file input.pdb (PDB, C-alpha atoms)
ATOM      1  CA  MET A 135       0.000   0.000   0.000
ATOM      2  CA  ASP A 136       1.421   3.402  -1.012
ATOM      3  CA  ALA A 137       1.717   6.460   1.251
ATOM      4  CA  ARG A 138      -1.494   8.042  -0.141
ATOM      5  CA  SER A 139      -3.583   4.928   0.529
ATOM      6  CA  ARG A 140      -2.123   4.557   4.033
ATOM      7  CA  LYS A 141      -3.005   8.167   4.830
ATOM      8  CA  ILE A 142      -6.589   7.709   3.567
ATOM      9  CA  LYS A 143      -6.885   4.474   5.554
ATOM     10  CA  ASN A 144      -5.687   6.165   8.783
ATOM     11  CA  ILE A 145      -8.149   9.043   8.313
ATOM     12  CA  LEU A 146     -11.056   6.629   7.768
ATOM     13  CA  ILE A 147     -10.135   4.667  10.914
ATOM     14  CA  GLN A 148     -10.045   7.871  12.989
ATOM     15  CA  VAL A 149     -13.406   9.000  11.596
ATOM     16  CA  LEU A 150     -14.873   5.507  12.154
ATOM     17  CA  LEU A 151     -14.066   5.624  15.867
ATOM     18  CA  LEU A 152     -15.586   9.097  16.207
ATOM     19  CA  ASN A 153     -18.731   8.065  14.312
ATOM     20  CA  ILE A 154     -19.246   5.036  16.556
ATOM     21  CA  ALA A 155     -18.914   7.185  19.696
ATOM     22  CA  VAL A 156     -21.296   9.847  18.337
ATOM     23  CA  SER A 157     -23.900   7.333  17.123
ATOM     24  CA  PHE A 158     -24.075   5.416  20.389
ATOM     25  CA  ALA A 159     -24.450   8.655  22.364
ATOM     26  CA  LYS A 160     -27.472   9.702  20.251
ATOM     27  CA  ILE A 161     -29.085   6.253  19.961
ATOM     28  CA  ILE A 162     -28.829   5.379  23.656
ATOM     29  CA  TYR A 163     -30.061   8.751  24.907
ATOM     30  CA  GLY A 164     -32.743   8.844  22.203
ATOM     31  CA  MET A 165     -34.054   5.485  23.437
ATOM     32  CA  LEU A 166     -33.918   6.581  27.071
ATOM     33  CA  THR A 167     -35.987   9.701  26.299
ATOM     34  CA  ASN A 168     -38.117   8.063  23.576
ATOM     35  CA  THR A 169     -37.059  10.737  21.033
ATOM     36  CA  LEU A 170     -37.407   9.279  17.533
ATOM     37  CA  SER A 171     -35.605  12.117  15.750
ATOM     38  CA  MET A 172     -32.568  11.696  18.016
ATOM     39  CA  GLN A 173     -32.553   7.926  17.481
ATOM     40  CA  SER A 174     -32.844   8.460  13.717
ATOM     41  CA  ASP A 175     -29.891  10.820  13.795
ATOM     42  CA  GLY A 176     -27.971   8.224  15.803
ATOM     43  CA  TYR A 177     -28.635   5.514  13.217
ATOM     44  CA  HIS A 178     -27.588   7.963  10.519
ATOM     45  CA  SER A 179     -24.274   8.382  12.336
ATOM     46  CA  LEU A 180     -23.991   4.608  12.749
ATOM     47  CA  PHE A 181     -24.347   4.247   8.976
ATOM     48  CA  ASP A 182     -21.526   6.786   8.718
ATOM     49  CA  GLY A 183     -19.418   4.212  10.555
ATOM     50  CA  VAL A 184     -20.531   1.475   8.167
ATOM     51  CA  SER A 185     -19.582   3.708   5.244
ATOM     52  CA  ASN A 186     -16.137   4.176   6.792
ATOM     53  CA  VAL A 187     -15.686   0.392   6.796
ATOM     54  CA  VAL A 188     -16.814   0.247   3.153
ATOM     55  CA  GLY A 189     -14.364   3.046   2.373
ATOM     56  CA  LEU A 190     -11.536   1.152   4.051
ATOM     57  CA  ILE A 191     -12.291  -1.930   1.934
ATOM     58  CA  GLY A 192     -12.475   0.204  -1.211
ATOM     59  CA  VAL A 193      -9.154   1.920  -0.491
ATOM     60  CA  GLN A 194      -7.514  -1.444   0.226
ATOM     61  CA  MET A 195      -8.716  -2.787  -3.127
ATOM     62  CA  ALA A 196      -7.873   0.411  -5.029
ATOM     63  CA  SER A 197      -4.278   0.433  -3.708
ATOM     64  CA  LYS A 198      -3.420  -2.820  -5.485
ATOM     65  CA  PRO A 199      -0.995  -2.377  -8.421
ATOM     66  CA  PRO A 200      -2.066  -3.098 -12.026
ATOM     67  CA  ASP A 201      -2.172  -6.771 -12.999
ATOM     68  CA  THR A 202      -3.024  -8.898 -16.046
ATOM     69  CA  GLU A 203      -6.789  -8.632 -15.493
ATOM     70  CA  HIS A 204      -6.687  -4.944 -14.482
ATOM     71  CA  PRO A 205      -3.937  -3.312 -16.584
ATOM     72  CA  TYR A 206      -5.232   0.180 -15.721
ATOM     73  CA  GLY A 207      -5.115  -0.530 -11.992
ATOM     74  CA  HIS A 208      -7.869  -0.918  -9.392
ATOM     75  CA  HIS A 209      -8.666   2.742  -8.693
ATOM     76  CA  LYS A 210     -12.361   2.450  -9.576
ATOM     77  CA  PHE A 211     -12.861   0.212  -6.542
ATOM     78  CA  GLU A 212     -12.663   3.436  -4.538
ATOM     79  CA  THR A 213     -15.436   4.910  -6.714
ATOM     80  CA  MET A 214     -17.529   1.753  -6.287
ATOM     81  CA  ALA A 215     -17.099   2.074  -2.520
ATOM     82  CA  SER A 216     -18.512   5.610  -2.767
ATOM     83  CA  VAL A 217     -21.591   4.272  -4.585
ATOM     84  CA  PHE A 218     -22.095   1.604  -1.919
ATOM     85  CA  ILE A 219     -21.886   4.308   0.759
ATOM     86  CA  ALA A 220     -24.682   6.150  -1.073
ATOM     87  CA  VAL A 221     -26.835   2.996  -1.206
ATOM     88  CA  LEU A 222     -26.426   2.531   2.551
ATOM     89  CA  LEU A 223     -27.429   6.149   3.080
ATOM     90  CA  MET A 224     -30.629   5.758   1.075
ATOM     91  CA  PHE A 225     -31.495   2.511   2.867
ATOM     92  CA  ALA A 226     -31.132   4.313   6.214
ATOM     93  CA  GLY A 227     -33.356   7.142   4.965
ATOM     94  CA  PHE A 228     -36.210   4.820   3.975
ATOM     95  CA  ASN A 229     -36.035   3.012   7.333
ATOM     96  CA  ILE A 230     -36.343   6.338   9.169
ATOM     97  CA  VAL A 231     -39.465   7.215   7.140
ATOM     98  CA  ILE A 232     -41.093   3.899   8.097
ATOM     99  CA  SER A 233     -40.323   4.497  11.794
ATOM    100  CA  ALA A 234     -41.720   8.035  11.571
ATOM    101  CA  PHE A 235     -45.057   6.874  10.125
ATOM    102  CA  HIS A 236     -45.356   4.273  12.888
ATOM    103  CA  ARG A 237     -44.837   7.046  15.449
ATOM    104  CA  PHE A 238     -47.731   9.162  14.077
ATOM    105  CA  GLY A 239     -50.306   6.665  15.368
ATOM    106  CA  SER A 240     -48.596   5.693  18.612
ATOM    107  CA  GLY A 241     -49.315   8.856  20.621
ATOM    108  CA  THR A 242     -45.916   8.581  22.341
ATOM    109  CA  ILE A 243     -44.577  11.844  23.790
ATOM    110  CA  PRO A 244     -40.763  12.149  23.892
ATOM    111  CA  GLU A 245     -38.961  13.405  26.988
ATOM    112  CA  VAL A 246     -36.698  16.385  26.384
ATOM    113  CA  THR A 247     -34.040  17.351  28.940
ATOM    114  CA  THR A 248     -31.129  19.776  29.069
ATOM    115  CA  PHE A 249     -28.816  16.821  28.506
ATOM    116  CA  SER A 250     -30.669  16.091  25.234
ATOM    117  CA  PHE A 251     -29.514  19.460  23.895
ATOM    118  CA  LEU A 252     -25.966  18.955  25.196
ATOM    119  CA  VAL A 253     -25.715  15.565  23.448
ATOM    120  CA  MET A 254     -26.915  16.988  20.136
ATOM    121  CA  ILE A 255     -24.749  20.134  20.241
ATOM    122  CA  GLY A 256     -21.662  18.149  21.261
ATOM    123  CA  THR A 257     -22.085  15.592  18.485
ATOM    124  CA  MET A 258     -22.789  18.361  15.954
ATOM    125  CA  VAL A 259     -19.493  20.078  16.818
ATOM    126  CA  ILE A 260     -17.629  16.759  16.391
ATOM    127  CA  ASN A 261     -19.300  16.176  13.008
ATOM    128  CA  TYR A 262     -18.341  19.675  11.850
ATOM    129  CA  MET A 263     -14.690  19.085  12.735
ATOM    130  CA  VAL A 264     -14.736  15.676  11.004
ATOM    131  CA  THR A 265     -16.287  17.178   7.848
ATOM    132  CA  ILE A 266     -13.614  19.886   7.561
ATOM    133  CA  TYR A 267     -10.843  17.369   8.282
ATOM    134  CA  GLU A 268     -12.079  14.752   5.771
ATOM    135  CA  HIS A 269     -12.844  17.199   2.978
ATOM    136  CA  HIS A 270      -9.444  18.894   3.360
ATOM    137  CA  TYR A 271      -7.572  15.626   2.957
ATOM    138  CA  GLY A 272     -10.045  14.381   0.334
ATOM    139  CA  VAL A 273      -9.102  17.312  -1.907
ATOM    140  CA  LYS A 274      -5.417  17.149  -0.986
ATOM    141  CA  LEU A 275      -5.144  13.393  -1.634
ATOM    142  CA  GLN A 276      -7.704  13.453  -4.500
ATOM    143  CA  SER A 277      -9.688  10.732  -2.762
ATOM    144  CA  GLU A 278     -13.289  10.148  -3.883
ATOM    145  CA  VAL A 279     -14.005   8.074  -0.783
ATOM    146  CA  LEU A 280     -12.915  10.831   1.624
ATOM    147  CA  ILE A 281     -14.854  13.494  -0.292
ATOM    148  CA  ALA A 282     -17.978  11.291  -0.454
ATOM    149  CA  ASP A 283     -17.650  10.456   3.242
ATOM    150  CA  SER A 284     -17.194  14.129   4.144
ATOM    151  CA  MET A 285     -20.465  14.881   2.279
ATOM    152  CA  HIS A 286     -22.048  12.049   4.251
ATOM    153  CA  THR A 287     -20.795  13.505   7.532
ATOM    154  CA  LYS A 288     -21.808  17.033   6.481
ATOM    155  CA  SER A 289     -25.397  15.828   6.145
ATOM    156  CA  ASP A 290     -25.144  14.814   9.823
ATOM    157  CA  ILE A 291     -24.662  18.471  10.763
ATOM    158  CA  TYR A 292     -27.922  19.511   9.087
ATOM    159  CA  VAL A 293     -29.643  16.477  10.542
ATOM    160  CA  SER A 294     -28.465  17.325  14.056
ATOM    161  CA  LEU A 295     -29.574  20.924  13.629
ATOM    162  CA  SER A 296     -33.017  19.677  12.568
ATOM    163  CA  VAL A 297     -33.167  17.440  15.651
ATOM    164  CA  ILE A 298     -32.289  20.381  17.926
ATOM    165  CA  LEU A 299     -35.122  22.416  16.368
ATOM    166  CA  GLY A 300     -37.387  19.410  16.905
ATOM    167  CA  LEU A 301     -36.390  19.192  20.560
ATOM    168  CA  VAL A 302     -37.259  22.870  21.002
ATOM    169  CA  ALA A 303     -40.685  22.241  19.408
ATOM    170  CA  ILE A 304     -41.314  19.197  21.629
ATOM    171  CA  LYS A 305     -40.359  21.232  24.703
ATOM    172  CA  ALA A 306     -42.841  23.887  23.563
ATOM    173  CA  GLY A 307     -45.639  21.291  23.475
ATOM    174  CA  PHE A 308     -45.633  20.093  19.867
ATOM    175  CA  PRO A 309     -44.562  16.400  20.033
ATOM    176  CA  ILE A 310     -46.019  15.762  16.536
ATOM    177  CA  LEU A 311     -42.959  17.558  15.152
ATOM    178  CA  ASP A 312     -40.675  14.722  16.310
ATOM    179  CA  PRO A 313     -41.673  12.271  13.505
ATOM    180  CA  LEU A 314     -41.991  15.181  11.042
ATOM    181  CA  ILE A 315     -38.398  16.184  11.746
ATOM    182  CA  ALA A 316     -37.390  12.527  11.311
ATOM    183  CA  ILE A 317     -38.946  12.542   7.809
ATOM    184  CA  ILE A 318     -37.055  15.730   6.923
ATOM    185  CA  ILE A 319     -33.868  14.031   8.112
ATOM    186  CA  ALA A 320     -34.638  11.058   5.883
ATOM    187  CA  GLY A 321     -35.061  13.398   2.908
ATOM    188  CA  ILE A 322     -31.630  14.955   3.550
ATOM    189  CA  ILE A 323     -30.068  11.505   3.827
ATOM    190  CA  VAL A 324     -31.601  10.260   0.558
ATOM    191  CA  TYR A 325     -30.646  13.483  -1.267
ATOM    192  CA  THR A 326     -27.029  13.096  -0.119
ATOM    193  CA  GLY A 327     -27.010   9.513  -1.395
ATOM    194  CA  ILE A 328     -28.346  10.585  -4.802
ATOM    195  CA  ARG A 329     -25.653  13.284  -5.098
ATOM    196  CA  ILE A 330     -22.880  10.776  -4.369
ATOM    197  CA  ILE A 331     -24.277   8.286  -6.912
ATOM    198  CA  MET A 332     -24.514  10.963  -9.622
ATOM    199  CA  GLU A 333     -20.935  12.112  -9.061
ATOM    200  CA  SER A 334     -19.539   8.567  -8.869
ATOM    201  CA  SER A 335     -21.452   7.318 -11.931
ATOM    202  CA  SER A 336     -19.675   9.831 -14.150
ATOM    203  CA  VAL A 337     -16.366   8.169 -13.261
ATOM    204  CA  LEU A 338     -17.698   4.630 -13.711
ATOM    205  CA  CYS A 339     -19.115   5.628 -17.118
ATOM    206  CA  ASP A 340     -15.732   7.087 -18.197
ATOM    207  CA  ALA A 341     -16.919  10.686 -18.329
ATOM    208  CA  SER A 342     -14.341  13.165 -19.638
ATOM    209  CA  GLN A 343     -12.051  14.358 -16.863
ATOM    210  CA  LEU A 344     -10.378  17.267 -18.680
ATOM    211  CA  LYS A 345     -11.545  19.824 -21.243
ATOM    212  CA  PRO A 346     -10.326  18.843 -24.756
ATOM    213  CA  GLU A 347      -9.734  22.477 -25.732
ATOM    214  CA  GLU A 348      -7.343  22.947 -22.794
ATOM    215  CA  ILE A 349      -5.409  19.810 -23.763
ATOM    216  CA  TYR A 350      -5.355  21.044 -27.374
ATOM    217  CA  ASP A 351      -3.735  24.357 -26.366
ATOM    218  CA  VAL A 352      -1.060  22.601 -24.307
ATOM    219  CA  VAL A 353      -0.220  20.053 -27.027
ATOM    220  CA  CYS A 354      -0.066  22.623 -29.819
ATOM    221  CA  SER A 355       2.411  24.690 -27.796
ATOM    222  CA  VAL A 356       5.011  21.920 -28.279
ATOM    223  CA  GLU A 357       7.464  22.678 -31.070
ATOM    224  CA  GLY A 358       6.910  20.462 -34.113
ATOM    225  CA  VAL A 359       3.206  19.818 -33.438
ATOM    226  CA  ILE A 360       0.989  21.104 -36.238
ATOM    227  CA  SER A 361      -2.351  20.112 -34.698
ATOM    228  CA  CYS A 362      -4.091  17.455 -32.592
ATOM    229  CA  TYR A 363      -7.525  15.820 -32.581
ATOM    230  CA  ASP A 364      -9.570  12.913 -31.172
ATOM    231  CA  ILE A 365      -8.702  14.102 -27.663
ATOM    232  CA  ARG A 366     -10.194  11.901 -24.923
ATOM    233  CA  SER A 367      -9.695  11.645 -21.184
ATOM    234  CA  ARG A 368     -11.120   9.336 -18.534
ATOM    235  CA  GLY A 369     -10.370   7.901 -15.104
ATOM    236  CA  THR A 370     -10.636   9.222 -11.573
ATOM    237  CA  ALA A 371      -9.264  12.298  -9.845
ATOM    238  CA  GLY A 372      -5.554  11.687  -9.440
ATOM    239  CA  HIS A 373      -5.529   8.827 -11.978
ATOM    240  CA  ILE A 374      -6.403  10.326 -15.363
ATOM    241  CA  TYR A 375      -5.717   8.633 -18.709
ATOM    242  CA  ILE A 376      -5.543  10.599 -21.971
ATOM    243  CA  ASP A 377      -5.326   9.543 -25.594
ATOM    244  CA  LEU A 378      -5.092  11.767 -28.674
ATOM    245  CA  CYS A 379      -3.763  12.057 -32.217
ATOM    246  CA  VAL A 380      -0.929  14.479 -32.925
ATOM    247  CA  GLU A 381      -0.241  15.779 -36.426
ATOM    248  CA  VAL A 382       3.345  16.402 -37.543
ATOM    249  CA  HIS A 383       4.937  17.198 -40.892
ATOM    250  CA  PRO A 384       4.820  14.124 -43.196
ATOM    251  CA  SER A 385       8.543  14.346 -43.943
ATOM    252  CA  MET A 386       9.482  14.129 -40.258
ATOM    253  CA  SER A 387      11.601  11.121 -39.254
ATOM    254  CA  THR A 388      10.322   8.444 -36.902
ATOM    255  CA  PHE A 389      13.051   9.344 -34.406
ATOM    256  CA  ARG A 390      12.009  13.022 -34.360
ATOM    257  CA  SER A 391       8.303  12.064 -34.105
ATOM    258  CA  HIS A 392       9.113   9.925 -31.055
ATOM    259  CA  ASP A 393      10.872  12.884 -29.414
ATOM    260  CA  ILE A 394       7.812  15.076 -30.031
ATOM    261  CA  ALA A 395       5.505  12.425 -28.529
ATOM    262  CA  GLU A 396       7.655  12.334 -25.386
ATOM    263  CA  ALA A 397       7.650  16.144 -25.210
ATOM    264  CA  VAL A 398       3.845  16.206 -25.542
ATOM    265  CA  GLU A 399       3.421  13.631 -22.762
ATOM    266  CA  TYR A 400       5.809  15.536 -20.478
ATOM    267  CA  LYS A 401       4.035  18.861 -21.131
ATOM    268  CA  ILE A 402       0.592  17.373 -20.436
ATOM    269  CA  LYS A 403       1.715  15.766 -17.164
ATOM    270  CA  GLN A 404       3.340  19.029 -16.072
ATOM    271  CA  HIS A 405       0.250  21.079 -16.865
ATOM    272  CA  PHE A 406      -2.519  18.760 -15.607
ATOM    273  CA  GLU A 407      -2.306  17.276 -12.132
ATOM    274  CA  GLY A 408      -3.140  13.591 -11.736
ATOM    275  CA  VAL A 409      -2.419  12.441 -15.306
ATOM    276  CA  GLN A 410      -0.994   8.910 -15.127
ATOM    277  CA  ASP A 411      -0.655   7.968 -18.784
ATOM    278  CA  VAL A 412      -0.909   9.624 -22.215
ATOM    279  CA  MET A 413      -1.443   7.514 -25.341
ATOM    280  CA  ILE A 414      -0.249   9.497 -28.380
ATOM    281  CA  HIS A 415      -0.861   8.521 -31.998
ATOM    282  CA  ILE A 416       1.472  10.341 -34.386
ATOM    283  CA  GLU A 417      -0.132  11.123 -37.744
ATOM    284  CA  PRO A 418       1.282  12.981 -40.802
ATOM    285  CA  THR A 419      -0.635  16.143 -41.597
ATOM    286  CA  PRO A 420      -2.321  15.959 -45.022
ATOM    287  CA  LEU A 421      -0.384  17.805 -47.677
ATOM    288  CA  GLU A 422      -2.238  20.447 -49.653
ATOM    289  CA  PRO A 423      -2.711  19.415 -53.259
ATOM    290  CA  ALA A 424      -0.471  21.148 -55.783
ATOM    291  CA  PRO A 425      -2.207  23.980 -57.704
TER     292      PRO A 425
END

call {"tool": "encode", "arguments": {"input": "input.pdb", "output": "structure tokens"}}
result
Amino acid sequence: MDARSRKIKNILIQVLLLNIAVSFAKIIYGMLTNTLSMQSDGYHSLFDGVSNVVGLIGVQMASKPPDTEHPYGHHKFETMASVFIAVLLMFAGFNIVISAFHRFGSGTIPEVTTFSFLVMIGTMVINYMVTIYEHHYGVKLQSEVLIADSMHTKSDIYVSLSVILGLVAIKAGFPILDPLIAIIIAGIIVYTGIRIIMESSSVLCDASQLKPEEIYDVVCSVEGVISCYDIRSRGTAGHIYIDLCVEVHPSMSTFRSHDIAEAVEYKIKQHFEGVQDVMIHIEPTPLEPAP
């Protein structure tokens, strides 16, 4: 496992431990006070921990070097882990909705104490710190799993804020708002899952990672290149693959063409961060017909 993968793995382990502590605090106290919205938020946090485990598995798989069956490497396993995290999120959201509808007919009144607010505010502060920490390293390490997980954790902040507003409403004598808040929480959870799936699917479907016109400008700045076309890019952030056709003068020697191809590859890798490989097809530019 390389240094990047080890760093991502260590971050996910740290976040996993925090998520477990936060989830148990909300679930246990939510059960003690019969507050459905707090329990729902706790299960949401528990699913954060599950997503951390999925992320760890994905990073472990993605860190494997290329082999005969996977000549381009295993980096998309990290993207697949992000999609699985999203599926878990949506599953949690639907379960919360079911619990909320059961509560409407039960007539149960939650108990709200000062400690209820302290638990929610404390866990919200922890989630905020985790979100900033994960997103920072997700961008720095170009890790889809860390970015997806930070979005997951960020949704916890809004969820916790909704629960706090619900606790205030319950304290004011409106217990019906407890299951209503739980449904709102479920909506936030499902929306977060959909966002992650949409962003991850573009990678799995080999969506273009770089703008062709920007690559064109860089390639055509290399001496000896007349033009370039059929520019394509794919891959994941930090592991981008590019292929293109480069036109040179038809009288140019094979040796000189090879030098230009190397110069083009070097220039692209210097200009665009995360490019792992550039496949260049050298083509002679068509000669204009004699008048």

call {"tool": "closest_residue", "arguments": {"input": "input.pdb", "among": "A:Ala320, A:Val412, A:Leu180, A:Cys339", "to": "A:Phe158", "atoms": "all atoms listed in the file"}}
result
A:Leu180

call {"tool": "atom_distance", "arguments": {"input": "input.pdb", "atom1": "atom CA of A:Leu299", "atom2": "atom CA of A:Phe251"}}
result
9.8 Å

call {"tool": "axis_aligned_box", "arguments": {"input": "input.pdb", "around": "stretch 230-235 of chain A", "padding_each_side": "3 Å", "output": "AutoDock Vina command-line options"}}
result
--center_x -40.7 --center_y 6.0 --center_z 9.5 --size_x 14.7 --size_y 10.1 --size_z 10.7

call {"tool": "resolve_selection", "arguments": {"input": "input.pdb", "expression": "the PyMOL selection byres ((chain A and resi 292) around 12)", "output": "number ranges by chain"}}
result
A: 175, 178, 254-255, 257-259, 261-262, 265, 285-291, 293-299, 315-316, 318-323, 326

call {"tool": "resolve_selection", "arguments": {"input": "input.pdb", "expression": "the PyMOL selection byres ((chain A and resi 159) around 10)", "output": "compact mmCIF listing (two decimals) with C-alpha atoms, in the frame of the given file"}}
result
# COMPACT_ATOMS: atom_id res chain seq x y z
CA ASN A 153 -18.73 8.06 14.31
CA ILE A 154 -19.25 5.04 16.56
CA ALA A 155 -18.91 7.18 19.70
CA VAL A 156 -21.30 9.85 18.34
CA SER A 157 -23.90 7.33 17.12
CA PHE A 158 -24.08 5.42 20.39
CA LYS A 160 -27.47 9.70 20.25
CA ILE A 161 -29.08 6.25 19.96
CA ILE A 162 -28.83 5.38 23.66
CA TYR A 163 -30.06 8.75 24.91
CA GLY A 164 -32.74 8.84 22.20
CA MET A 172 -32.57 11.70 18.02
CA GLN A 173 -32.55 7.93 17.48
CA GLY A 176 -27.97 8.22 15.80
CA VAL A 253 -25.72 15.56 23.45
CA MET A 254 -26.92 16.99 20.14
CA GLY A 256 -21.66 18.15 21.26
CA THR A 257 -22.08 15.59 18.48

call {"tool": "atom_distance", "arguments": {"input": "input.pdb", "atom1": "atom CA of A:Lys345", "atom2": "atom CA of A:Ser391"}}
result
24.9 Å

call {"tool": "closest_residue", "arguments": {"input": "input.pdb", "among": "A:Val217, A:Met165, A:Val188, A:Leu222", "to": "A:Ser336", "atoms": "only C-alpha atoms"}}
result
A:Val217

call {"tool": "closest_residue", "arguments": {"input": "input.pdb", "among": "A:Ile416, A:Leu146, A:Leu152, A:Ile328", "to": "A:Ala220", "atoms": "all atoms listed in the file"}}
result
A:Ile328

call {"tool": "resolve_selection", "arguments": {"input": "input.pdb", "expression": "the PyMOL selection byres ((chain A and resi 232) around 12)", "output": "JSON, numbers by chain"}}
result
{"A": [170, 174, 225, 226, 227, 228, 229, 230, 231, 233, 234, 235, 236, 237, 238, 313, 314, 316, 317, 320]}

call {"tool": "write_last_selection", "arguments": {"input": "input.pdb", "atoms": "C-alpha atoms", "output": "CSV table (one decimal), in the coordinates of the input"}}
result
chain,number,residue,atom,x,y,z
A,170,LEU,CA,-37.4,9.3,17.5
A,174,SER,CA,-32.8,8.5,13.7
A,225,PHE,CA,-31.5,2.5,2.9
A,226,ALA,CA,-31.1,4.3,6.2
A,227,GLY,CA,-33.4,7.1,5.0
A,228,PHE,CA,-36.2,4.8,4.0
A,229,ASN,CA,-36.0,3.0,7.3
A,230,ILE,CA,-36.3,6.3,9.2
A,231,VAL,CA,-39.5,7.2,7.1
A,233,SER,CA,-40.3,4.5,11.8
A,234,ALA,CA,-41.7,8.0,11.6
A,235,PHE,CA,-45.1,6.9,10.1
A,236,HIS,CA,-45.4,4.3,12.9
A,237,ARG,CA,-44.8,7.0,15.4
A,238,PHE,CA,-47.7,9.2,14.1
A,313,PRO,CA,-41.7,12.3,13.5
A,314,LEU,CA,-42.0,15.2,11.0
A,316,ALA,CA,-37.4,12.5,11.3
A,317,ILE,CA,-38.9,12.5,7.8
A,320,ALA,CA,-34.6,11.1,5.9

call {"tool": "closest_residue", "arguments": {"input": "input.pdb", "among": "A:Glu381, A:Glu357, A:Glu407, A:Asp364", "to": "A:Gln343", "atoms": "only C-alpha atoms"}}
result
A:Glu407

call {"tool": "closest_residue", "arguments": {"input": "input.pdb", "among": "A:Leu280, A:Ala341, A:Leu275, A:Val246", "to": "A:Phe308", "atoms": "only C-alpha atoms"}}
result
A:Val246

call {"tool": "atom_distance", "arguments": {"input": "input.pdb", "atom1": "atom CA of A:Ala215", "atom2": "atom CA of A:Gln194"}}
result
10.6 Å

call {"tool": "residues_around", "arguments": {"input": "input.pdb", "residues": "A:Asp393", "least_positions_apart": "5", "cutoff": "12 Å", "atoms": "all atoms listed in the file", "output": "number ranges by chain"}}
result
A: 356-359, 382, 386-388, 398-400, 414, 416

call {"tool": "write_last_selection", "arguments": {"input": "input.pdb", "atoms": "C-alpha atoms", "output": "PDB file, in the coordinates of the input"}}
result
ATOM      1  CA  VAL A 356       5.011  21.920 -28.279  1.00  0.00           C
ATOM      2  CA  GLU A 357       7.464  22.678 -31.070  1.00  0.00           C
ATOM      3  CA  GLY A 358       6.910  20.462 -34.113  1.00  0.00           C
ATOM      4  CA  VAL A 359       3.206  19.818 -33.438  1.00  0.00           C
ATOM      5  CA  VAL A 382       3.345  16.402 -37.543  1.00  0.00           C
ATOM      6  CA  MET A 386       9.482  14.129 -40.258  1.00  0.00           C
ATOM      7  CA  SER A 387      11.601  11.121 -39.254  1.00  0.00           C
ATOM      8  CA  THR A 388      10.322   8.444 -36.902  1.00  0.00           C
ATOM      9  CA  VAL A 398       3.845  16.206 -25.542  1.00  0.00           C
ATOM     10  CA  GLU A 399       3.421  13.631 -22.762  1.00  0.00           C
ATOM     11  CA  TYR A 400       5.809  15.536 -20.478  1.00  0.00           C
ATOM     12  CA  ILE A 414      -0.249   9.497 -28.380  1.00  0.00           C
ATOM     13  CA  ILE A 416       1.472  10.341 -34.386  1.00  0.00           C
TER      14      ILE A 416
END
